[in-house]
file start21.pdb (PDB, C-alpha atoms)
ATOM      1  CA  MET X   1     -28.884   8.767  40.989
ATOM      2  CA  GLU X   2     -25.645   8.666  39.010
ATOM      3  CA  ILE X   3     -22.065   8.171  40.180
ATOM      4  CA  SER X   4     -20.159  11.248  39.041
ATOM      5  CA  GLN X   5     -16.936  13.001  40.012
ATOM      6  CA  GLU X   6     -17.992  13.283  43.656
ATOM      7  CA  ARG X   7     -15.829  11.314  46.063
ATOM      8  CA  GLU X   8     -18.435  10.664  48.779
ATOM      9  CA  TYR X   9     -22.017   9.415  48.603
ATOM     10  CA  GLU X  10     -24.247   8.911  51.619
ATOM     11  CA  ASP X  11     -27.845   7.714  52.118
ATOM     12  CA  LEU X  12     -28.466   7.353  48.377
ATOM     13  CA  THR X  13     -30.137   4.788  46.144
ATOM     14  CA  PHE X  14     -28.622   3.933  42.766
ATOM     15  CA  SER X  15     -30.923   2.091  40.367
ATOM     16  CA  GLN X  16     -30.241   0.489  36.982
ATOM     17  CA  LEU X  17     -26.774   2.000  36.610
ATOM     18  CA  LYS X  18     -24.552   0.610  33.866
ATOM     19  CA  LYS X  19     -20.907   1.144  34.716
ATOM     20  CA  ILE X  20     -19.248  -1.512  32.571
ATOM     21  CA  SER X  21     -15.426  -1.528  32.538
ATOM     22  CA  GLU X  22     -15.359   1.903  34.153
ATOM     23  CA  TYR X  23     -12.997   3.401  36.696
ATOM     24  CA  VAL X  24     -14.960   4.214  39.864
ATOM     25  CA  ALA X  25     -12.030   4.068  42.284
ATOM     26  CA  ASP X  26     -11.318   6.143  45.384
ATOM     27  CA  LYS X  27     -15.006   6.661  46.234
ATOM     28  CA  THR X  28     -16.825   6.366  49.556
ATOM     29  CA  PHE X  29     -20.364   4.986  49.779
ATOM     30  CA  ILE X  30     -22.084   5.034  53.165
ATOM     31  CA  ASN X  31     -25.575   3.616  53.738
ATOM     32  CA  CYS X  32     -26.209   3.368  50.000
ATOM     33  CA  GLU X  33     -28.375   0.918  48.072
ATOM     34  CA  PHE X  34     -27.630  -0.375  44.579
ATOM     35  CA  ASN X  35     -30.575  -1.898  42.684
ATOM     36  CA  ASN X  36     -30.326  -3.756  39.363
ATOM     37  CA  CYS X  37     -26.970  -2.198  38.508
ATOM     38  CA  ASP X  38     -24.386  -3.630  36.108
ATOM     39  CA  PHE X  39     -20.825  -3.111  37.319
ATOM     40  CA  THR X  40     -19.160  -5.746  35.102
ATOM     41  CA  GLN X  41     -15.363  -5.243  35.089
ATOM     42  CA  THR X  42     -15.644  -1.992  37.022
ATOM     43  CA  ASP X  43     -12.581  -0.901  38.985
ATOM     44  CA  PHE X  44     -13.558   0.066  42.550
ATOM     45  CA  SER X  45      -9.962   0.040  43.847
ATOM     46  CA  ASN X  46      -9.325   1.984  47.058
ATOM     47  CA  SER X  47     -13.047   2.653  47.543
ATOM     48  CA  LYS X  48     -15.042   2.228  50.744
ATOM     49  CA  PHE X  49     -18.506   0.703  51.091
ATOM     50  CA  GLU X  50     -20.065   0.890  54.538
ATOM     51  CA  ASP X  51     -23.595  -0.277  55.449
ATOM     52  CA  CYS X  52     -24.419  -0.795  51.755
ATOM     53  CA  THR X  53     -26.707  -3.277  49.998
ATOM     54  CA  PHE X  54     -26.442  -4.567  46.437
ATOM     55  CA  ASN X  55     -29.748  -5.980  45.130
ATOM     56  CA  GLU X  56     -29.903  -7.960  41.862
ATOM     57  CA  CYS X  57     -26.616  -6.442  40.642
ATOM     58  CA  ASN X  58     -24.016  -7.850  38.246
ATOM     59  CA  LEU X  59     -20.598  -7.531  39.855
ATOM     60  CA  SER X  60     -18.723  -9.904  37.566
ATOM     61  CA  LEU X  61     -14.977  -9.324  37.324
ATOM     62  CA  VAL X  62     -15.097  -6.209  39.501
ATOM     63  CA  LYS X  63     -11.748  -5.063  40.817
ATOM     64  CA  TYR X  64     -11.733  -4.733  44.611
ATOM     65  CA  ASP X  65      -8.049  -3.981  45.253
ATOM     66  CA  ASP X  66      -7.743  -2.440  48.736
ATOM     67  CA  VAL X  67     -11.506  -1.886  48.903
ATOM     68  CA  LYS X  68     -13.061  -1.585  52.346
ATOM     69  CA  LEU X  69     -16.287  -3.607  52.651
ATOM     70  CA  ARG X  70     -17.929  -3.034  56.017
ATOM     71  CA  ASN X  71     -21.423  -4.444  56.574
ATOM     72  CA  VAL X  72     -22.039  -4.945  52.844
ATOM     73  CA  LYS X  73     -24.864  -7.251  51.761
ATOM     74  CA  PHE X  74     -25.221  -8.854  48.343
ATOM     75  CA  LYS X  75     -28.765 -10.070  47.608
ATOM     76  CA  GLY X  76     -29.638 -11.850  44.367
ATOM     77  CA  CYS X  77     -26.372 -10.679  42.818
ATOM     78  CA  LYS X  78     -24.074 -12.227  40.237
ATOM     79  CA  LEU X  79     -20.431 -12.210  41.317
ATOM     80  CA  VAL X  80     -18.093 -14.004  38.909
ATOM     81  CA  GLY X  81     -14.287 -13.905  39.086
ATOM     82  CA  VAL X  82     -14.059 -11.560  42.072
ATOM     83  CA  ASN X  83     -10.872 -11.660  44.171
ATOM     84  CA  PHE X  84     -12.203 -10.809  47.602
ATOM     85  CA  ASN X  85      -8.793 -11.649  49.028
ATOM     86  CA  LYS X  86      -7.506  -8.384  47.528
ATOM     87  CA  CYS X  87      -9.881  -6.334  49.696
ATOM     88  CA  ASP X  88      -8.681  -4.421  52.720
ATOM     89  CA  THR X  89      -8.817  -7.126  55.394
ATOM     90  CA  PHE X  90      -8.749  -4.896  58.473
ATOM     91  CA  ILE X  91     -12.546  -4.927  58.673
ATOM     92  CA  LEU X  92     -14.173  -7.158  56.073
ATOM     93  CA  GLU X  93     -17.883  -7.717  56.715
ATOM     94  CA  ILE X  94     -19.850  -9.132  53.808
ATOM     95  CA  GLY X  95     -22.889 -11.330  53.330
ATOM     96  CA  PHE X  96     -24.471 -13.176  50.412
ATOM     97  CA  GLN X  97     -28.065 -14.312  50.008
ATOM     98  CA  ASP X  98     -29.638 -15.840  46.870
ATOM     99  CA  CYS X  99     -26.478 -15.019  44.885
ATOM    100  CA  LEU X 100     -24.443 -16.621  42.143
ATOM    101  CA  VAL X 101     -20.842 -16.619  43.385
ATOM    102  CA  GLN X 102     -18.614 -18.260  40.790
ATOM    103  CA  ASN X 103     -14.819 -18.472  40.416
ATOM    104  CA  CYS X 104     -14.331 -16.130  43.363
ATOM    105  CA  ASN X 105     -11.339 -16.174  45.696
ATOM    106  CA  PHE X 106     -11.862 -15.916  49.459
ATOM    107  CA  SER X 107      -8.516 -17.444  50.404
ATOM    108  CA  SER X 108      -6.693 -16.371  53.571
ATOM    109  CA  LEU X 109      -9.582 -14.178  54.749
ATOM    110  CA  LYS X 110     -11.226 -13.948  58.164
ATOM    111  CA  LEU X 111     -14.938 -14.299  57.364
ATOM    112  CA  LYS X 112     -16.243 -15.458  60.736
ATOM    113  CA  LYS X 113     -20.077 -15.428  60.933
ATOM    114  CA  THR X 114     -20.462 -14.537  57.230
ATOM    115  CA  LEU X 115     -23.762 -15.365  55.527
ATOM    116  CA  PHE X 116     -23.612 -17.395  52.288
ATOM    117  CA  LYS X 117     -27.274 -18.431  52.407
ATOM    118  CA  ASN X 118     -29.267 -20.032  49.578
ATOM    119  CA  SER X 119     -26.548 -19.222  47.042
ATOM    120  CA  ASN X 120     -24.785 -21.035  44.228
ATOM    121  CA  ILE X 121     -21.138 -20.863  45.241
ATOM    122  CA  LEU X 122     -19.413 -22.527  42.331
ATOM    123  CA  GLU X 123     -15.739 -23.266  41.681
ATOM    124  CA  SER X 124     -14.626 -20.761  44.305
ATOM    125  CA  ASP X 125     -11.642 -20.982  46.669
ATOM    126  CA  PHE X 126     -11.662 -21.000  50.460
ATOM    127  CA  VAL X 127      -8.026 -21.865  51.178
ATOM    128  CA  GLY X 128      -6.741 -20.987  54.640
ATOM    129  CA  THR X 129      -9.993 -19.117  55.317
ATOM    130  CA  ASP X 130     -11.605 -18.588  58.722
ATOM    131  CA  LEU X 131     -15.224 -19.562  58.054
ATOM    132  CA  SER X 132     -16.112 -20.355  61.651
ATOM    133  CA  GLU X 133     -19.799 -19.839  62.481
ATOM    134  CA  CYS X 134     -20.666 -19.049  58.850
ATOM    135  CA  ASP X 135     -24.021 -19.956  57.323
ATOM    136  CA  PHE X 136     -24.058 -21.896  54.033
ATOM    137  CA  THR X 137     -27.667 -23.052  54.535
ATOM    138  CA  SER X 138     -29.307 -24.321  51.322
ATOM    139  CA  SER X 139     -26.327 -23.380  49.165
ATOM    140  CA  SER X 140     -24.864 -25.390  46.303
ATOM    141  CA  LEU X 141     -21.076 -25.665  46.410
ATOM    142  CA  ASP X 142     -20.151 -27.428  43.144
ATOM    143  CA  GLY X 143     -16.401 -27.381  42.517
ATOM    144  CA  THR X 144     -15.698 -25.107  45.488
ATOM    145  CA  ILE X 145     -12.460 -25.824  47.347
ATOM    146  CA  PHE X 146     -12.245 -25.840  51.133
ATOM    147  CA  ASP X 147      -8.645 -26.469  52.176
ATOM    148  CA  ASN X 148      -6.910 -25.758  55.470
ATOM    149  CA  SER X 149      -9.921 -23.695  56.545
ATOM    150  CA  ASN X 150     -11.675 -23.276  59.863
ATOM    151  CA  LEU X 151     -15.263 -24.508  59.437
ATOM    152  CA  SER X 152     -16.009 -24.923  63.138
ATOM    153  CA  LYS X 153     -19.657 -24.270  64.014
ATOM    154  CA  THR X 154     -20.388 -23.525  60.354
ATOM    155  CA  ASN X 155     -23.904 -24.387  59.214
ATOM    156  CA  PHE X 156     -24.119 -26.511  56.061
ATOM    157  CA  SER X 157     -27.763 -27.503  56.640
ATOM    158  CA  ASP X 158     -29.403 -28.478  53.349
ATOM    159  CA  ALA X 159     -26.239 -27.452  51.469
ATOM    160  CA  LYS X 160     -25.326 -29.714  48.590
ATOM    161  CA  ASN X 161     -22.536 -30.713  46.236
ATOM    162  CA  TYR X 162     -19.750 -29.831  48.676
ATOM    163  CA  ASP X 163     -16.393 -31.574  48.844
ATOM    164  CA  ILE X 164     -14.999 -30.998  52.313
ATOM    165  CA  ASN X 165     -12.131 -33.093  53.569
ATOM    166  CA  PRO X 166     -12.481 -33.317  57.378
ATOM    167  CA  LEU X 167      -8.790 -34.241  57.551
ATOM    168  CA  ASN X 168      -7.668 -30.960  55.933
ATOM    169  CA  ASN X 169     -10.165 -28.577  57.554
ATOM    170  CA  ILE X 170     -11.362 -27.864  61.080
ATOM    171  CA  VAL X 171     -14.969 -29.098  61.187
ATOM    172  CA  LYS X 172     -15.580 -29.192  64.942
ATOM    173  CA  LYS X 173     -19.302 -28.725  65.665
ATOM    174  CA  ALA X 174     -20.061 -27.903  62.023
ATOM    175  CA  VAL X 175     -23.645 -28.779  61.055
ATOM    176  CA  PHE X 176     -24.339 -31.083  58.103
ATOM    177  CA  THR X 177     -27.597 -32.731  57.048
ATOM    178  CA  MET X 178     -28.264 -36.070  55.418
ATOM    179  CA  PRO X 179     -27.911 -37.395  52.823
ATOM    180  CA  GLU X 180     -25.197 -34.931  51.732
ATOM    181  CA  ALA X 181     -23.273 -35.469  54.976
ATOM    182  CA  MET X 182     -22.263 -38.882  53.593
ATOM    183  CA  LEU X 183     -19.932 -37.005  51.225
ATOM    184  CA  LEU X 184     -17.642 -36.318  54.178
ATOM    185  CA  LEU X 185     -16.765 -40.021  54.318
ATOM    186  CA  ARG X 186     -15.252 -40.210  50.834
ATOM    187  CA  HIS X 187     -11.932 -38.914  52.195
ATOM    188  CA  PHE X 188     -11.506 -41.828  54.620
ATOM    189  CA  ASN X 189     -11.038 -44.525  51.954
ATOM    190  CA  ILE X 190     -13.841 -46.630  53.432
ATOM    191  CA  ILE X 191     -16.771 -48.508  51.980
ATOM    192  CA  VAL X 192     -20.261 -47.646  53.222
ATOM    193  CA  LYS X 193     -23.122 -50.049  52.500
TER     194      LYS X 193
END

call {"tool": "encode", "arguments": {"input": "start21.pdb", "output": "structure tokens"}}
result
Amino acid sequence: MEISQEREYEDLTFSQLKKISEYVADKTFINCEFNNCDFTQTDFSNSKFEDCTFNECNLSLVKYDDVKLRNVKFKGCKLVGVNFNKCDTFILEIGFQDCLVQNCNFSSLKLKKTLFKNSNILESDFVGTDLSECDFTSSSLDGTIFDNSNLSKTNFSDAKNYDINPLNNIVKKAVFTMPEAMLLLRHFNIIVK
């Protein structure tokens, strides 16, 4: 299937599309699946994705200005330089599994119960973000910033390389596993032997 001049697409599967640096704005996709597609630098502004899944897609530098993402799953995808904080925030429901998420901005978003499982979330920003009850299980968080965020009841089991300051974030009932949990102590200016 190809994305053409149509404005609405429903119950369709798109495979191996290459839409690099293209303008695909003002479209509606409902219950669609995208497999092995390359959307590098594609402009999806003012589009709507509902009940959609992206499998093994490259979504680097996509433009999501005022995009509605409702129940959208990214599986095995590459997302580099995406400003999710420019999405329509009225209903923002996204999930990531086995993805590369690098240099992305999630600041000031309400992402309660979002899945970030088994992903490499690198050098991304979660500033003033509601991440309560999220799942970062088995994810690597090198260079990712958590600041003034709600991490209560968030699961960081087997996550690694995170730098979370418990003094600047709400971490009540968040789950951490050893030995990485020792990283939380570095912000207290103490010596552990």

call {"tool": "resolve_selection", "arguments": {"input": "start21.pdb", "expression": "the PyMOL selection byres ((chain X and resi 115) around 12)", "output": "ChimeraX atom specification"}}
result
/X:71-75,93-99,111-114,116-119,121,131-139,154-156

call {"tool": "resolve_selection", "arguments": {"input": "start21.pdb", "expression": "the PyMOL selection byres ((chain X and resi 24) around 10)", "output": "VMD selection string"}}
result
chain X and resid 3 to 5 7 19 21 to 23 25 to 27 39 42 to 47 63

call {"tool": "residues_near_point", "arguments": {"input": "start21.pdb", "point": "(-8.9, -4.5, 58.1)", "cutoff": "10 Å", "atoms": "only C-alpha atoms", "output": "list of chain:residue names"}}
result
X:Asp66, X:Val67, X:Lys68, X:Leu69, X:Arg70, X:Cys87, X:Asp88, X:Thr89, X:Phe90, X:Ile91, X:Leu92, X:Glu93, X:Lys110

call {"tool": "resolve_selection", "arguments": {"input": "start21.pdb", "expression": "the PyMOL selection byres ((chain X and resi 105) around 10)", "output": "ChimeraX atom specification"}}
result
/X:80-86,101-104,106-109,123-127,144-145

call {"tool": "atom_distance", "arguments": {"input": "start21.pdb", "atom1": "atom CA of Leu141 of chain X", "atom2": "atom CA of Glu33 of chain X"}}
result
27.6 Å

call {"tool": "residues_around", "arguments": {"input": "start21.pdb", "residues": "Lys172 of chain X", "least_positions_apart": "5", "cutoff": "10 Å", "atoms": "all atoms listed in the file", "output": "PyMOL selection string"}}
result
chain X and resi 132+150-154+166

call {"tool": "atom_distance", "arguments": {"input": "start21.pdb", "atom1": "atom CA of Leu17 of chain X", "atom2": "atom CA of Asn120 of chain X"}}
result
24.3 Å

call {"tool": "atom_distance", "arguments": {"input": "start21.pdb", "atom1": "atom CA of Leu183 of chain X", "atom2": "atom CA of Asp142 of chain X"}}
result
12.5 Å

call {"tool": "closest_residue", "arguments": {"input": "start21.pdb", "among": "X:Tyr162, X:Phe54, X:Phe146, X:Phe49", "to": "Asn35 of chain X", "atoms": "all atoms listed in the file"}}
result
X:Phe54

call {"tool": "build_atoms", "arguments": {"input": "start21.pdb", "residues": "segment 22-44 of chain X", "atoms": "N, CA, C and O atoms", "output": "PDB file, in the coordinates of the input"}}
result
ATOM      1  N   GLU X  22     -15.666   0.511  33.827  1.00  0.00           N
ATOM      2  CA  GLU X  22     -15.359   1.903  34.153  1.00  0.00           C
ATOM      3  C   GLU X  22     -14.474   1.991  35.384  1.00  0.00           C
ATOM      4  O   GLU X  22     -14.361   1.064  36.167  1.00  0.00           O
ATOM      5  N   TYR X  23     -13.863   3.123  35.552  1.00  0.00           N
ATOM      6  CA  TYR X  23     -12.997   3.401  36.696  1.00  0.00           C
ATOM      7  C   TYR X  23     -13.797   4.214  37.708  1.00  0.00           C
ATOM      8  O   TYR X  23     -14.133   5.361  37.472  1.00  0.00           O
ATOM      9  N   VAL X  24     -14.162   3.559  38.815  1.00  0.00           N
ATOM     10  CA  VAL X  24     -14.960   4.214  39.864  1.00  0.00           C
ATOM     11  C   VAL X  24     -14.195   4.079  41.180  1.00  0.00           C
ATOM     12  O   VAL X  24     -14.764   3.777  42.218  1.00  0.00           O
ATOM     13  N   ALA X  25     -12.892   4.263  41.122  1.00  0.00           N
ATOM     14  CA  ALA X  25     -12.030   4.068  42.284  1.00  0.00           C
ATOM     15  C   ALA X  25     -12.025   5.288  43.195  1.00  0.00           C
ATOM     16  O   ALA X  25     -12.479   6.374  42.819  1.00  0.00           O
ATOM     17  N   ASP X  26     -11.508   5.069  44.400  1.00  0.00           N
ATOM     18  CA  ASP X  26     -11.318   6.143  45.384  1.00  0.00           C
ATOM     19  C   ASP X  26     -12.610   6.851  45.764  1.00  0.00           C
ATOM     20  O   ASP X  26     -12.640   8.067  45.962  1.00  0.00           O
ATOM     21  N   LYS X  27     -13.708   6.090  45.845  1.00  0.00           N
ATOM     22  CA  LYS X  27     -15.006   6.661  46.234  1.00  0.00           C
ATOM     23  C   LYS X  27     -15.401   6.116  47.608  1.00  0.00           C
ATOM     24  O   LYS X  27     -14.949   5.043  48.014  1.00  0.00           O
ATOM     25  N   THR X  28     -16.272   6.823  48.281  1.00  0.00           N
ATOM     26  CA  THR X  28     -16.825   6.366  49.556  1.00  0.00           C
ATOM     27  C   THR X  28     -18.341   6.335  49.442  1.00  0.00           C
ATOM     28  O   THR X  28     -18.962   7.329  49.047  1.00  0.00           O
ATOM     29  N   PHE X  29     -18.915   5.169  49.790  1.00  0.00           N
ATOM     30  CA  PHE X  29     -20.364   4.986  49.779  1.00  0.00           C
ATOM     31  C   PHE X  29     -20.787   4.554  51.181  1.00  0.00           C
ATOM     32  O   PHE X  29     -20.342   3.510  51.666  1.00  0.00           O
ATOM     33  N   ILE X  30     -21.614   5.368  51.818  1.00  0.00           N
ATOM     34  CA  ILE X  30     -22.084   5.034  53.165  1.00  0.00           C
ATOM     35  C   ILE X  30     -23.604   4.965  53.155  1.00  0.00           C
ATOM     36  O   ILE X  30     -24.281   5.886  52.687  1.00  0.00           O
ATOM     37  N   ASN X  31     -24.125   3.843  53.661  1.00  0.00           N
ATOM     38  CA  ASN X  31     -25.575   3.616  53.738  1.00  0.00           C
ATOM     39  C   ASN X  31     -26.252   3.828  52.379  1.00  0.00           C
ATOM     40  O   ASN X  31     -27.282   4.482  52.281  1.00  0.00           O
ATOM     41  N   CYS X  32     -25.650   3.252  51.352  1.00  0.00           N
ATOM     42  CA  CYS X  32     -26.209   3.368  50.000  1.00  0.00           C
ATOM     43  C   CYS X  32     -26.796   2.031  49.554  1.00  0.00           C
ATOM     44  O   CYS X  32     -26.412   0.971  50.031  1.00  0.00           O
ATOM     45  N   GLU X  33     -27.742   2.108  48.625  1.00  0.00           N
ATOM     46  CA  GLU X  33     -28.375   0.918  48.072  1.00  0.00           C
ATOM     47  C   GLU X  33     -28.190   0.941  46.557  1.00  0.00           C
ATOM     48  O   GLU X  33     -28.375   1.975  45.913  1.00  0.00           O
ATOM     49  N   PHE X  34     -27.836  -0.230  46.017  1.00  0.00           N
ATOM     50  CA  PHE X  34     -27.630  -0.375  44.579  1.00  0.00           C
ATOM     51  C   PHE X  34     -28.626  -1.406  44.083  1.00  0.00           C
ATOM     52  O   PHE X  34     -28.607  -2.558  44.525  1.00  0.00           O
ATOM     53  N   ASN X  35     -29.520  -1.014  43.175  1.00  0.00           N
ATOM     54  CA  ASN X  35     -30.575  -1.898  42.684  1.00  0.00           C
ATOM     55  C   ASN X  35     -30.447  -2.120  41.183  1.00  0.00           C
ATOM     56  O   ASN X  35     -30.408  -1.154  40.409  1.00  0.00           O
ATOM     57  N   ASN X  36     -30.365  -3.390  40.780  1.00  0.00           N
ATOM     58  CA  ASN X  36     -30.326  -3.756  39.363  1.00  0.00           C
ATOM     59  C   ASN X  36     -29.248  -3.004  38.584  1.00  0.00           C
ATOM     60  O   ASN X  36     -29.485  -2.541  37.468  1.00  0.00           O
ATOM     61  N   CYS X  37     -28.075  -2.896  39.166  1.00  0.00           N
ATOM     62  CA  CYS X  37     -26.970  -2.198  38.508  1.00  0.00           C
ATOM     63  C   CYS X  37     -26.031  -3.211  37.855  1.00  0.00           C
ATOM     64  O   CYS X  37     -25.905  -4.350  38.302  1.00  0.00           O
ATOM     65  N   ASP X  38     -25.371  -2.795  36.781  1.00  0.00           N
ATOM     66  CA  ASP X  38     -24.386  -3.630  36.108  1.00  0.00           C
ATOM     67  C   ASP X  38     -23.013  -2.979  36.254  1.00  0.00           C
ATOM     68  O   ASP X  38     -22.750  -1.936  35.660  1.00  0.00           O
ATOM     69  N   PHE X  39     -22.177  -3.611  37.070  1.00  0.00           N
ATOM     70  CA  PHE X  39     -20.825  -3.111  37.319  1.00  0.00           C
ATOM     71  C   PHE X  39     -19.774  -4.063  36.749  1.00  0.00           C
ATOM     72  O   PHE X  39     -18.659  -4.148  37.265  1.00  0.00           O
ATOM     73  N   THR X  40     -20.090  -4.785  35.689  1.00  0.00           N
ATOM     74  CA  THR X  40     -19.160  -5.746  35.102  1.00  0.00           C
ATOM     75  C   THR X  40     -17.816  -5.085  34.788  1.00  0.00           C
ATOM     76  O   THR X  40     -17.764  -4.054  34.136  1.00  0.00           O
ATOM     77  N   GLN X  41     -16.742  -5.680  35.298  1.00  0.00           N
ATOM     78  CA  GLN X  41     -15.363  -5.243  35.089  1.00  0.00           C
ATOM     79  C   GLN X  41     -15.086  -3.821  35.575  1.00  0.00           C
ATOM     80  O   GLN X  41     -14.127  -3.184  35.122  1.00  0.00           O
ATOM     81  N   THR X  42     -15.876  -3.336  36.493  1.00  0.00           N
ATOM     82  CA  THR X  42     -15.644  -1.992  37.022  1.00  0.00           C
ATOM     83  C   THR X  42     -14.526  -2.027  38.064  1.00  0.00           C
ATOM     84  O   THR X  42     -14.414  -2.953  38.847  1.00  0.00           O
ATOM     85  N   ASP X  43     -13.702  -1.007  38.057  1.00  0.00           N
ATOM     86  CA  ASP X  43     -12.581  -0.901  38.985  1.00  0.00           C
ATOM     87  C   ASP X  43     -12.993  -0.008  40.162  1.00  0.00           C
ATOM     88  O   ASP X  43     -13.132   1.195  40.026  1.00  0.00           O
ATOM     89  N   PHE X  44     -13.197  -0.657  41.323  1.00  0.00           N
ATOM     90  CA  PHE X  44     -13.558   0.066  42.550  1.00  0.00           C
ATOM     91  C   PHE X  44     -12.357   0.217  43.483  1.00  0.00           C
ATOM     92  O   PHE X  44     -12.522   0.484  44.669  1.00  0.00           O
TER      93      PHE X  44
END
